[in-house]
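K.L.:
Just so it is clear, I am handing over work_2.cif, which has mmCIF, C-alpha atoms.
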data_start
#
loop_
_atom_site.label_atom_id
_atom_site.label_comp_id
_atom_site.auth_asym_id
_atom_site.auth_seq_id
_atom_site.Cartn_x
_atom_site.Cartn_y
_atom_site.Cartn_z
CA MET A 385 74.31 64.57 164.94
CA LEU A 386 73.08 67.99 165.92
CA ASP A 387 69.39 68.83 165.78
CA PRO A 388 68.82 70.73 162.46
CA LYS A 389 66.28 72.95 164.21
CA PHE A 390 68.85 73.80 166.89
CA ILE A 391 71.43 74.73 164.24
CA LYS A 392 68.99 76.94 162.36
CA GLU A 393 67.78 78.75 165.49
CA ASN A 394 71.30 79.13 166.93
CA ILE A 395 73.40 79.54 163.80
CA ASP A 396 75.80 82.13 165.24
CA TYR A 397 76.30 80.11 168.43
CA VAL A 398 77.05 76.94 166.45
CA LYS A 399 79.49 78.87 164.22
CA ARG A 400 81.31 80.14 167.31
CA LYS A 401 81.46 76.68 168.87
CA MET A 402 82.81 75.16 165.66
CA LYS A 403 85.46 77.87 165.54
CA GLU A 404 86.40 77.03 169.14
CA ARG A 405 86.91 73.44 168.05
CA GLY A 406 89.11 74.59 165.18
CA VAL A 407 86.65 73.16 162.66
CA THR A 408 85.53 74.83 159.44
CA ILE A 409 81.96 73.92 158.52
CA ASP A 410 79.99 75.51 155.69
CA LEU A 411 76.84 76.30 157.68
CA GLU A 412 75.63 78.62 154.93
CA SER A 413 75.26 75.54 152.71
CA PHE A 414 73.25 73.97 155.51
CA LEU A 415 70.80 76.90 155.44
CA THR A 416 70.67 76.93 151.63
CA LEU A 417 69.92 73.20 151.44
CA GLU A 418 67.27 73.50 154.14
CA GLU A 419 65.51 76.32 152.30
CA GLU A 420 65.69 74.48 148.97
CA ARG A 421 64.26 71.34 150.58
CA LYS A 422 61.36 73.31 152.04
CA ARG A 423 60.71 75.04 148.70
CA ILE A 424 60.49 71.71 146.91
CA ILE A 425 58.15 70.32 149.57
CA ARG A 426 55.85 73.33 149.13
CA GLU A 427 55.90 73.01 145.34
CA VAL A 428 55.16 69.28 145.49
CA GLU A 429 52.30 69.84 147.90
CA GLU A 430 50.79 72.48 145.58
CA LEU A 431 51.14 70.21 142.52
CA GLU A 432 49.58 67.33 144.47
CA ARG A 433 46.66 69.57 145.41
CA LEU A 434 46.15 70.68 141.81
CA ARG A 435 46.45 67.08 140.61
CA ASN A 436 43.81 65.86 143.05
CA THR A 437 41.48 68.70 142.01
CA GLY A 438 42.22 68.06 138.32
CA SER A 439 41.48 64.33 138.60
CA LYS A 440 38.01 65.08 139.91
CA LYS A 441 37.54 67.64 137.09
CA VAL A 442 38.48 65.02 134.45
CA GLY A 443 35.72 62.75 135.74
CA GLU A 444 33.18 65.55 135.66
CA LEU A 445 34.12 66.52 132.08
CA LYS A 446 33.79 62.93 130.89
CA ARG A 447 30.35 62.63 132.49
CA GLN A 448 29.36 65.82 130.67
CA GLY A 449 30.58 64.36 127.41
CA LYS A 450 33.38 66.91 127.07
CA ASN A 451 35.95 64.30 126.12
CA ALA A 452 38.33 66.66 124.30
CA GLU A 453 38.59 68.93 127.31
CA ALA A 454 38.96 65.89 129.59
CA GLU A 455 41.81 64.49 127.46
CA LYS A 456 43.61 67.84 127.41
CA LEU A 457 43.35 68.14 131.22
CA HIS A 458 44.47 64.50 131.58
CA MET A 459 47.66 65.26 129.60
CA GLU A 460 48.31 68.33 131.75
CA LEU A 461 47.95 66.18 134.88
CA LYS A 462 50.35 63.61 133.41
CA LEU A 463 52.93 66.34 132.90
CA SER A 464 52.26 67.48 136.45
CA SER A 465 52.92 63.94 137.73
CA GLU A 466 56.20 63.85 135.85
CA LYS A 467 57.13 67.20 137.41
CA VAL A 468 56.32 65.83 140.86
CA LYS A 469 58.58 62.82 140.18
CA GLU A 470 61.43 65.15 139.13
CA LEU A 471 60.95 67.25 142.27
CA GLU A 472 60.84 64.18 144.51
CA ASP A 473 64.11 62.93 142.98
CA LYS A 474 65.64 66.37 143.53
CA ARG A 475 64.33 66.39 147.10
CA THR A 476 65.93 62.99 147.77
CA GLU A 477 69.22 64.27 146.35
CA ILE A 478 69.09 67.39 148.54
CA GLU A 479 68.13 65.42 151.66
CA ASN A 480 71.06 63.04 151.11
CA GLU A 481 73.40 66.00 150.71
CA PHE A 482 71.81 67.65 153.75
CA ARG A 483 72.25 64.50 155.88
CA ASP A 484 75.84 64.04 154.74
CA LEU A 485 76.61 67.62 155.80
CA LEU A 486 74.90 67.06 159.17
CA LEU A 487 76.91 63.86 159.72
CA ARG A 488 80.16 65.80 159.27
CA ILE A 489 79.37 68.51 161.82
CA PRO A 490 81.00 67.71 165.20
CA ASN A 491 79.25 68.03 168.54
CA VAL A 492 78.93 71.37 170.33
CA PRO A 493 81.21 71.52 173.41
CA HIS A 494 79.56 71.87 176.81
CA PRO A 495 79.93 75.38 178.33
CA SER A 496 82.27 73.98 181.03
CA VAL A 497 84.82 72.84 178.44
CA PRO A 498 87.87 75.17 178.34
CA PHE A 499 88.50 76.94 175.03
CA GLU A 500 91.86 76.32 173.40
CA LYS A 501 93.01 75.29 169.92
CA ASN A 502 95.04 72.31 171.15
CA SER A 503 95.90 70.16 174.18
CA SER A 504 97.69 73.10 175.86
CA GLY A 505 94.28 74.16 177.13
CA ASN A 506 93.59 70.89 178.95
CA VAL A 507 93.00 71.37 182.69
CA GLU A 508 94.21 69.00 185.41
CA ILE A 509 91.27 68.13 187.67
CA LYS A 510 92.84 65.63 190.07
CA ARG A 511 96.12 63.83 190.68
CA SER A 512 96.48 60.58 192.63
CA GLY A 513 99.69 58.92 193.76
CA SER A 514 103.23 60.18 193.28
CA PRO A 515 105.64 59.01 190.59
CA ARG A 516 108.11 56.56 192.08
CA GLU A 517 111.68 57.72 192.69
CA PHE A 518 113.88 54.87 191.52
CA ASP A 519 117.29 54.21 193.07
CA PHE A 520 118.36 52.64 189.77
CA GLU A 521 117.95 53.50 186.08
CA PRO A 522 114.45 52.25 185.18
CA LYS A 523 113.97 50.35 181.93
CA ASP A 524 111.09 50.79 179.51
CA HIS A 525 108.45 48.09 179.03
CA VAL A 526 110.10 46.75 175.86
CA GLU A 527 113.38 46.00 177.66
CA ILE A 528 111.55 44.59 180.67
CA GLY A 529 109.29 42.39 178.54
CA LYS A 530 112.20 41.07 176.49
CA LYS A 531 114.37 40.27 179.52
CA LEU A 532 111.50 38.46 181.26
CA ASP A 533 110.59 36.70 178.00
CA ILE A 534 106.94 37.77 178.28
CA LEU A 535 106.75 40.15 175.32
CA ASP A 536 108.05 39.32 171.83
CA LEU A 537 107.59 42.16 169.34
CA ASP A 538 110.03 40.75 166.77
CA ARG A 539 108.03 37.55 166.25
CA ALA A 540 104.76 39.51 166.23
CA SER A 541 106.22 41.61 163.42
CA LYS A 542 107.15 38.42 161.55
CA ILE A 543 103.63 37.02 161.98
CA THR A 544 101.80 40.15 160.95
CA GLY A 545 103.84 43.35 160.78
CA ALA A 546 104.75 46.42 162.82
CA ARG A 547 102.54 47.53 165.70
CA PHE A 548 101.42 44.08 166.78
CA ALA A 549 102.40 42.24 169.96
CA LEU A 550 102.98 38.63 171.01
CA TYR A 551 102.56 38.01 174.73
CA LYS A 552 104.16 34.88 176.19
CA GLY A 553 103.86 32.92 179.42
CA LEU A 554 103.17 35.19 182.38
CA GLY A 555 102.87 38.11 179.98
CA ALA A 556 99.84 36.49 178.35
CA ARG A 557 98.49 35.64 181.80
CA LEU A 558 99.00 39.26 182.91
CA GLU A 559 96.97 40.59 179.96
CA ARG A 560 94.16 38.10 180.66
CA ALA A 561 94.30 38.78 184.40
CA LEU A 562 93.87 42.52 183.84
CA ILE A 563 90.85 41.94 181.58
CA ASN A 564 89.15 39.72 184.16
CA PHE A 565 90.08 42.04 187.03
CA MET A 566 88.59 45.06 185.24
CA LEU A 567 85.41 43.24 184.23
CA ASP A 568 84.83 41.84 187.73
CA LEU A 569 85.35 45.27 189.27
CA HIS A 570 82.91 47.03 186.96
CA VAL A 571 80.28 44.27 187.06
CA ASN A 572 80.44 43.21 190.71
CA GLU A 573 81.25 46.52 192.40
CA HIS A 574 80.12 49.23 189.98
CA GLY A 575 76.92 47.55 188.78
CA TYR A 576 77.53 47.32 185.02
CA GLU A 577 75.95 44.56 182.96
CA GLU A 578 78.57 42.51 181.13
CA VAL A 579 78.09 41.97 177.40
CA LEU A 580 80.25 40.32 174.76
CA PRO A 581 79.41 42.06 171.45
CA PRO A 582 80.51 41.25 167.88
CA PHE A 583 84.00 42.45 167.03
CA MET A 584 82.79 43.65 163.63
CA ALA A 585 79.97 46.09 162.96
CA ASN A 586 78.13 47.36 159.91
CA ARG A 587 78.21 50.82 158.38
CA ASP A 588 75.00 51.99 160.09
CA SER A 589 76.55 51.18 163.48
CA PHE A 590 79.64 53.24 162.69
CA ILE A 591 77.50 56.13 161.49
CA GLY A 592 75.57 55.91 164.77
CA THR A 593 78.63 56.49 166.94
CA GLY A 594 80.17 59.14 164.66
CA ASN A 595 83.07 57.10 163.23
CA LEU A 596 81.61 57.32 159.74
CA PRO A 597 81.66 59.00 157.35
CA LYS A 598 84.44 61.26 158.66
CA PHE A 599 86.98 58.71 159.96
CA GLU A 600 86.80 55.91 157.40
CA GLU A 601 90.55 56.04 156.76
CA ASP A 602 91.18 54.95 160.37
CA LEU A 603 89.13 51.75 160.01
CA PHE A 604 89.88 48.25 158.76
CA LYS A 605 87.11 47.23 156.33
CA VAL A 606 86.34 43.62 155.46
CA ASP A 607 86.46 43.41 151.64
CA GLY A 608 83.25 42.44 149.92
CA THR A 609 81.08 43.15 152.98
CA ASP A 610 79.46 46.01 154.85
CA PHE A 611 81.54 45.12 157.93
CA TYR A 612 84.38 46.99 159.64
CA LEU A 613 86.59 45.75 162.48
CA ILE A 614 85.71 47.74 165.59
CA PRO A 615 88.22 50.39 166.78
CA THR A 616 86.56 50.38 170.22
CA GLY A 617 83.81 48.53 172.06
CA GLU A 618 81.85 51.78 172.03
CA VAL A 619 80.64 51.04 168.51
CA PRO A 620 78.82 47.71 169.01
CA ILE A 621 77.69 48.45 172.57
CA THR A 622 76.12 51.82 171.77
CA ASN A 623 74.30 50.22 168.84
CA ILE A 624 72.69 47.58 171.04
CA HIS A 625 69.76 50.00 171.32
CA ARG A 626 69.85 51.56 167.85
CA ASP A 627 66.31 52.30 166.59
CA GLU A 628 64.84 51.47 170.00
CA ILE A 629 62.76 53.28 172.62
CA ILE A 630 63.70 52.55 176.25
CA ASP A 631 61.41 53.18 179.22
CA GLU A 632 62.83 55.87 181.49
CA GLU A 633 62.52 53.47 184.45
CA GLU A 634 65.28 51.38 182.85
CA LEU A 635 67.76 54.27 182.79
CA PRO A 636 70.60 54.56 183.35
CA LYS A 637 71.66 51.45 181.50
CA ASN A 638 75.31 50.57 182.15
CA TYR A 639 77.25 48.06 180.05
CA ALA A 640 80.80 46.73 180.37
CA ALA A 641 82.56 44.64 177.75
CA TYR A 642 85.91 43.25 176.79
CA THR A 643 86.78 43.58 173.10
CA PRO A 644 89.88 43.58 170.95
CA CYS A 645 90.21 46.86 169.05
CA PHE A 646 91.60 47.42 165.56
CA ARG A 647 92.93 50.74 164.26
CA LYS A 648 94.92 51.74 161.18
CA GLU A 649 96.38 54.66 163.16
CA ALA A 650 96.21 56.73 159.98
CA GLY A 651 98.12 59.97 160.34
CA SER A 652 100.25 58.72 163.25
CA TYR A 653 103.22 57.57 161.18
CA GLY A 654 106.41 57.66 163.26
CA LYS A 655 104.49 58.27 166.50
CA ASP A 656 104.94 55.84 169.42
CA VAL A 657 106.51 53.23 167.16
CA ARG A 658 108.42 51.61 170.03
CA GLY A 659 106.62 49.10 172.19
CA ILE A 660 102.91 48.63 172.70
CA ILE A 661 101.72 52.17 173.41
CA ARG A 662 100.11 52.52 169.96
CA GLN A 663 99.06 49.28 168.25
CA HIS A 664 96.95 48.21 165.28
CA GLN A 665 95.34 45.60 167.56
CA PHE A 666 94.91 45.89 171.32
CA ASN A 667 92.56 44.80 174.09
CA LYS A 668 90.24 47.10 175.99
CA VAL A 669 87.48 46.96 178.57
CA GLU A 670 84.79 49.46 177.59
CA LEU A 671 82.11 51.15 179.69
CA VAL A 672 78.96 52.55 178.05
CA LYS A 673 76.04 54.38 179.67
CA PHE A 674 72.59 55.39 178.44
CA ALA A 675 71.07 58.17 180.57
CA THR A 676 68.41 60.86 180.65
CA PRO A 677 69.53 64.37 179.67
CA GLU A 678 68.91 65.56 183.24
CA ASN A 679 71.30 62.99 184.74
CA SER A 680 73.97 62.53 182.09
CA TYR A 681 76.59 64.84 183.58
CA ALA A 682 76.29 63.17 186.99
CA GLU A 683 76.74 59.89 185.11
CA LEU A 684 79.89 61.27 183.45
CA GLU A 685 81.41 61.90 186.87
CA SER A 686 80.40 58.39 187.96
CA LEU A 687 81.83 56.84 184.80
CA THR A 688 85.16 58.63 185.27
CA LYS A 689 85.30 57.54 188.90
CA ASP A 690 84.64 53.92 187.94
CA ALA A 691 87.42 53.91 185.33
CA THR A 692 89.85 55.64 187.71
CA ARG A 693 89.19 53.02 190.40
CA VAL A 694 91.13 50.47 188.34
CA LEU A 695 94.33 52.52 188.65
CA GLU A 696 93.70 53.19 192.34
CA LEU A 697 93.50 49.45 193.07
CA LEU A 698 96.59 48.76 190.96
CA GLU A 699 98.39 51.56 192.87
CA LEU A 700 99.51 53.31 189.69
CA PRO A 701 100.07 57.11 189.76
CA HIS A 702 97.55 58.90 187.56
CA ARG A 703 95.71 62.14 186.94
CA ILE A 704 92.41 63.30 185.42
CA MET A 705 92.42 65.96 182.71
CA LEU A 706 89.47 67.97 181.37
CA LEU A 707 90.05 68.26 177.63
CA SER A 708 89.84 71.60 175.86
CA THR A 709 87.77 72.31 172.76
CA GLY A 710 90.75 71.71 170.48
CA ASP A 711 91.62 68.28 171.90
CA MET A 712 88.26 66.57 172.33
CA GLY A 713 86.76 63.93 170.04
CA PHE A 714 84.38 64.57 167.15
CA SER A 715 81.25 63.26 168.92
CA SER A 716 81.99 64.46 172.45
CA ALA A 717 80.37 67.34 174.33
CA LYS A 718 82.73 66.93 177.29
CA THR A 719 85.66 64.58 177.91
CA TYR A 720 87.88 63.65 180.83
CA ASP A 721 91.14 61.89 179.97
CA ILE A 722 92.60 59.61 182.62
CA GLU A 723 96.37 59.56 182.29
CA VAL A 724 98.78 57.11 183.93
CA TRP A 725 102.42 57.78 184.78
CA ILE A 726 104.97 56.18 182.42
CA PRO A 727 108.46 56.30 184.03
CA SER A 728 110.45 55.69 180.83
CA GLU A 729 108.83 58.75 179.24
CA ASN A 730 108.78 60.78 182.45
CA THR A 731 105.24 61.84 181.68
CA TYR A 732 101.57 60.89 181.97
CA ARG A 733 99.91 59.07 179.05
CA GLU A 734 96.21 58.73 178.28
CA ILE A 735 94.77 55.36 179.29
CA SER A 736 91.06 56.22 179.15
CA SER A 737 88.80 58.89 177.69
CA CYS A 738 85.45 59.31 179.45
CA SER A 739 82.95 61.29 177.40
CA ASN A 740 79.40 62.55 177.43
CA PHE A 741 78.02 62.75 173.89
CA GLU A 742 74.68 64.18 175.04
CA ASP A 743 72.11 63.31 172.31
CA PHE A 744 74.66 63.52 169.46
CA GLN A 745 75.02 59.75 168.98
CA ALA A 746 71.41 59.06 169.97
CA ARG A 747 70.15 61.20 167.07
CA ARG A 748 72.41 59.42 164.60
CA ALA A 749 71.43 55.97 165.93
CA ASN A 750 67.80 56.89 166.73
CA ILE A 751 67.94 55.85 170.40
CA ARG A 752 65.13 57.34 172.48
CA TYR A 753 63.46 56.90 175.84
CA ARG A 754 59.85 57.12 176.92
CA PRO A 755 59.41 59.63 179.83
CA LYS A 756 57.81 58.36 183.04
CA GLY A 757 54.91 60.79 182.92
CA GLY A 758 54.10 59.90 179.33
CA GLY A 759 54.49 62.15 176.35
CA LYS A 760 56.54 61.97 173.20
CA PRO A 761 59.72 59.83 173.24
CA ARG A 762 62.92 61.89 173.61
CA PHE A 763 66.50 61.31 172.55
CA LEU A 764 68.55 60.07 175.49
CA HIS A 765 72.22 60.79 176.22
CA THR A 766 75.06 58.32 175.62
CA LEU A 767 78.38 58.15 177.46
CA ASN A 768 81.40 55.91 177.25
CA GLY A 769 84.92 55.45 178.55
CA SER A 770 87.68 52.86 178.64
CA GLY A 771 87.81 50.92 181.84
CA LEU A 772 90.73 50.56 180.85
CA ALA A 773 92.94 50.14 177.76
CA VAL A 774 94.63 46.87 178.73
CA GLY A 775 97.90 47.17 176.79
CA ARG A 776 98.69 50.57 178.24
CA THR A 777 97.88 49.22 181.70
CA VAL A 778 100.47 46.50 181.10
CA VAL A 779 102.99 49.17 180.07
CA ALA A 780 102.32 51.21 183.22
CA LEU A 781 102.43 48.17 185.48
CA LEU A 782 105.70 46.79 184.07
CA GLU A 783 107.45 50.15 184.27
CA ASN A 784 106.13 51.37 187.63
CA CYS A 785 106.47 48.02 189.40
CA GLN A 786 109.93 47.01 188.13
CA GLU A 787 112.74 46.14 190.51
CA ARG A 788 116.51 46.53 190.26
CA ASP A 789 116.96 42.84 189.38
CA GLY A 790 114.61 43.18 186.41
CA SER A 791 111.65 41.49 188.07
CA VAL A 792 108.17 43.02 188.29
CA ILE A 793 106.01 43.07 191.43
CA ILE A 794 102.34 42.24 190.83
CA PRO A 795 99.94 44.64 192.64
CA LYS A 796 98.09 42.91 195.49
CA ALA A 797 94.67 43.41 193.89
CA LEU A 798 95.83 41.51 190.81
CA VAL A 799 97.56 38.55 192.52
CA PRO A 800 94.39 36.38 192.71
CA TYR A 801 93.89 36.86 188.96
CA MET A 802 97.51 35.81 188.39
CA ARG A 803 96.81 32.52 190.21
CA GLY A 804 98.94 33.57 193.17
CA VAL A 805 101.95 34.88 191.22
CA GLU A 806 103.30 37.87 193.16
CA ARG A 807 106.38 38.58 191.07
CA ILE A 808 107.41 38.03 187.45
CA HIS A 809 111.10 37.22 187.18
CA SER A 810 113.46 35.61 184.69
#
Using structure tokens, write down the structure from this file.

P.N.:
Amino acid sequence: MLDPKFIKENIDYVKRKMKERGVTIDLESFLTLEEERKRIIREVEELERLRNTGSKKVGELKRQGKNAEAEKLHMELKLSSEKVKELEDKRTEIENEFRDLLLRIPNVPHPSVPFEKNSSGNVEIKRSGSPREFDFEPKDHVEIGKKLDILDLDRASKITGARFALYKGLGARLERALINFMLDLHVNEHGYEEVLPPFMANRDSFIGTGNLPKFEEDLFKVDGTDFYLIPTGEVPITNIHRDEIIDEEELPKNYAAYTPCFRKEAGSYGKDVRGIIRQHQFNKVELVKFATPENSYAELESLTKDATRVLELLELPHRIMLLSTGDMGFSSAKTYDIEVWIPSENTYREISSCSNFEDFQARRANIRYRPKGGGKPRFLHTLNGSGLAVGRTVVALLENCQERDGSVIIPKALVPYMRGVERIHS
């Protein structure tokens, strides 16, 4: 959530930034609501002042025996109290409308973010590894998984429906191995604290990260409760410190977690329907950082480097893209996408988004820190990124490491997690 004071003092700048994002926001309504709220506050304060003065006057009149005058003034004060109640109700209504409008305004892009209406404005920052030149016709991960009997999408569809996967044998072991490999890397080498959060979260948590109210159609809600299945570990991990004040000495705080993720994929009908690129349920290792405003952009670089290290160790070709204003997420101020090479598609596909939200989420979730030198608590900055999306890592590994005979070579870094298995074959 943006600071209302910032919006008011920089209204033209915010309008321009929203236009760069391709978003239409009625900021005039924001100003109107703010003025109406202030007017009501002033009127209530004046009525309260007159009521306090009048109450004293009633007592004086009664002591003087002027009961008729006292009763008349008492009735006037009663009407005044009723007016105050009406104004307070109106103020609550306006403040709710004001907050709802604020919650629907996306974050302001950082000045370094390239301006473009769509992904065509994304800028390649770095490329690592070269796509493999096969001396045979490479298969896609669905064909590979079926031939090796490690991936059964037909039975998953029978169990649940489309866009679910059933891993079998060494396929299930591969998924689990990748999760453990990623967690060990981030905890033991990169210094993150491992957490295992709930896989459901309440409405306040989703509001805190920016998923609600705008993206409710993308979420699976548990009927009869205030709970939603999480679409990413970002939601529960960021809310660990909701409504808390952290000492600056404790920052940055770095968390890593494995969670399953659940998404309706609303609006993506017909997109990536083959295989496990886009699923309703998938596994992910998430990285979340809490940092001071002064250090958050250095932490974004560090976060991106940590996530990229997974692909480096797995020897998978990849690149880092700086997203443009038209392609970045609702809550983000700046985002790097890490994309891995997918041979069957002859292109790079996103496997992690690493974002700095600045104080956007912290304001929504009321997460602050206490400065070292004392003074008033300040909103901190939150960051997160996938480290990585496990299913897409499986896709990249199966396709990039396939052999002519249909087998798949396991990258050396992953062999210990596969209990010594160096090759998956039929």

K.L.:
Record the distance separating atom CA of A:Glu634 and atom CA of A:Asn491, expressed in Å with one decimal.

P.N.:
26.0 Å

K.L.:
Choose the residue, out of A:Glu429, A:Glu632, A:Val526, A:Val492, that has the smallest atom-to-atom separation from A:Lys467; count only C-alpha atoms.

P.N.:
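When distances to A:Lys467 are compared using only C-alpha atoms, the smallest one comes from A:Glu429.
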
K.L.:
Given all atoms listed in the file as the basis, pick out the residue of A:Tyr639, A:Phe482, A:Phe599, A:Tyr801 nearest to A:Val669.

P.N.:
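Looking at the shortest contact to A:Val669, the residue is A:Tyr639.
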
K.L.:
In Å to one decimal, how far is atom CA of A:Arg483 from atom CA of A:Arg423?

P.N.:
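Computed distance, atom CA of A:Arg423 to atom CA of A:Arg483, equals 17.2 Å.
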
K.L.:
So, counting only C-alpha atoms, which residue among A:Glu723, A:Glu787, A:Asp524, A:Glu678 is closest to A:Pro755?

P.N.:
A:Glu678

K.L.:
Given only C-alpha atoms as the basis, pick out the residue of A:Leu781, A:Val571, A:Val606, A:Ala650 nearest to A:Asp690.

P.N.:
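Among the listed residues, the smallest separation from A:Asp690 belongs to A:Val571.
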
K.L.:
Considering all atoms listed in the file, can you say which of A:Ile793, A:Ile629, A:Val774, A:Leu569 comes closest to A:Val694?

P.N.:
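Residue with the minimum atom-to-atom distance to A:Val694: A:Leu569.
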
K.L.:
Quick one: which residues end up in the PyMOL selection byres ((chain A and resi 520) around 10) for this structure, as a PDB file with C-alpha atoms, in the coordinates of the input?

P.N.:
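result.pdb, freshly written:
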ATOM      1  CA  GLU A 517     111.680  57.720 192.690  1.00  0.00           C
ATOM      2  CA  PHE A 518     113.880  54.870 191.520  1.00  0.00           C
ATOM      3  CA  ASP A 519     117.290  54.210 193.070  1.00  0.00           C
ATOM      4  CA  GLU A 521     117.950  53.500 186.080  1.00  0.00           C
ATOM      5  CA  PRO A 522     114.450  52.250 185.180  1.00  0.00           C
ATOM      6  CA  LYS A 523     113.970  50.350 181.930  1.00  0.00           C
ATOM      7  CA  GLU A 787     112.740  46.140 190.510  1.00  0.00           C
ATOM      8  CA  ARG A 788     116.510  46.530 190.260  1.00  0.00           C
ATOM      9  CA  ASP A 789     116.960  42.840 189.380  1.00  0.00           C
TER      10      ASP A 789
END

K.L.:
Between A:Lys648, A:Lys552, A:Arg626, A:Lys718, which residue has the minimum interatomic distance to A:Phe499, considering only C-alpha atoms?

P.N.:
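Looking at the shortest contact to A:Phe499, the residue is A:Lys718.
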
K.L.:
So how far away is atom CA of A:Lys668 from atom CA of A:Glu683, in Å?

P.N.:
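Separation of atom CA of A:Glu683 and atom CA of A:Lys668: 20.7 Å.
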
K.L.:
Write out as lines of an AutoDock Vina configuration file an axis-aligned box for stretch 408-413 of chain A: all of its atoms listed in the file, 3 Å added on each side, centre and edge lengths in Å with one decimal.

P.N.:
center_x = 80.4
center_y = 76.3
center_z = 156.1
size_x = 16.3
size_y = 10.7
size_z = 12.7

K.L.:
List every protein, DNA or RNA residue that has at least one atom no more than 6 Å from (81.3, 63.8, 176.3) in the file's coordinates, counting only C-alpha atoms, and write the result as an mmCIF file with C-alpha atoms, in the frame of the given file.

P.N.:
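Saved file point16.cif follows:
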data_model
loop_
_atom_site.group_PDB
_atom_site.id
_atom_site.type_symbol
_atom_site.label_atom_id
_atom_site.label_comp_id
_atom_site.auth_asym_id
_atom_site.auth_seq_id
_atom_site.Cartn_x
_atom_site.Cartn_y
_atom_site.Cartn_z
ATOM 1 C CA SER A 716 81.990 64.460 172.450
ATOM 2 C CA ALA A 717 80.370 67.340 174.330
ATOM 3 C CA LYS A 718 82.730 66.930 177.290
ATOM 4 C CA THR A 719 85.660 64.580 177.910
ATOM 5 C CA SER A 739 82.950 61.290 177.400
ATOM 6 C CA ASN A 740 79.400 62.550 177.430
ATOM 7 C CA PHE A 741 78.020 62.750 173.890
#

K.L.:
Which protein, DNA or RNA residues have an atom at most 12 Å from (100.6, 41.0, 189.7), counting all atoms listed in the file? List them as a short mmCIF file (atom, residue, chain, number, x, y, z; two decimals) with C-alpha atoms, in the frame of the given file.

P.N.:
data_model
loop_
_atom_site.label_atom_id
_atom_site.label_comp_id
_atom_site.auth_asym_id
_atom_site.auth_seq_id
_atom_site.Cartn_x
_atom_site.Cartn_y
_atom_site.Cartn_z
CA LEU A 554 103.17 35.19 182.38
CA GLY A 555 102.87 38.11 179.98
CA ARG A 557 98.49 35.64 181.80
CA LEU A 558 99.00 39.26 182.91
CA GLU A 559 96.97 40.59 179.96
CA ARG A 560 94.16 38.10 180.66
CA ALA A 561 94.30 38.78 184.40
CA LEU A 562 93.87 42.52 183.84
CA PHE A 565 90.08 42.04 187.03
CA LEU A 697 93.50 49.45 193.07
CA LEU A 698 96.59 48.76 190.96
CA GLU A 699 98.39 51.56 192.87
CA THR A 777 97.88 49.22 181.70
CA VAL A 778 100.47 46.50 181.10
CA LEU A 781 102.43 48.17 185.48
CA LEU A 782 105.70 46.79 184.07
CA ASN A 784 106.13 51.37 187.63
CA CYS A 785 106.47 48.02 189.40
CA GLN A 786 109.93 47.01 188.13
CA SER A 791 111.65 41.49 188.07
CA VAL A 792 108.17 43.02 188.29
CA ILE A 793 106.01 43.07 191.43
CA ILE A 794 102.34 42.24 190.83
CA PRO A 795 99.94 44.64 192.64
CA LYS A 796 98.09 42.91 195.49
CA ALA A 797 94.67 43.41 193.89
CA LEU A 798 95.83 41.51 190.81
CA VAL A 799 97.56 38.55 192.52
CA PRO A 800 94.39 36.38 192.71
CA TYR A 801 93.89 36.86 188.96
CA MET A 802 97.51 35.81 188.39
CA ARG A 803 96.81 32.52 190.21
CA GLY A 804 98.94 33.57 193.17
CA VAL A 805 101.95 34.88 191.22
CA GLU A 806 103.30 37.87 193.16
CA ARG A 807 106.38 38.58 191.07
CA ILE A 808 107.41 38.03 187.45
CA HIS A 809 111.10 37.22 187.18
#
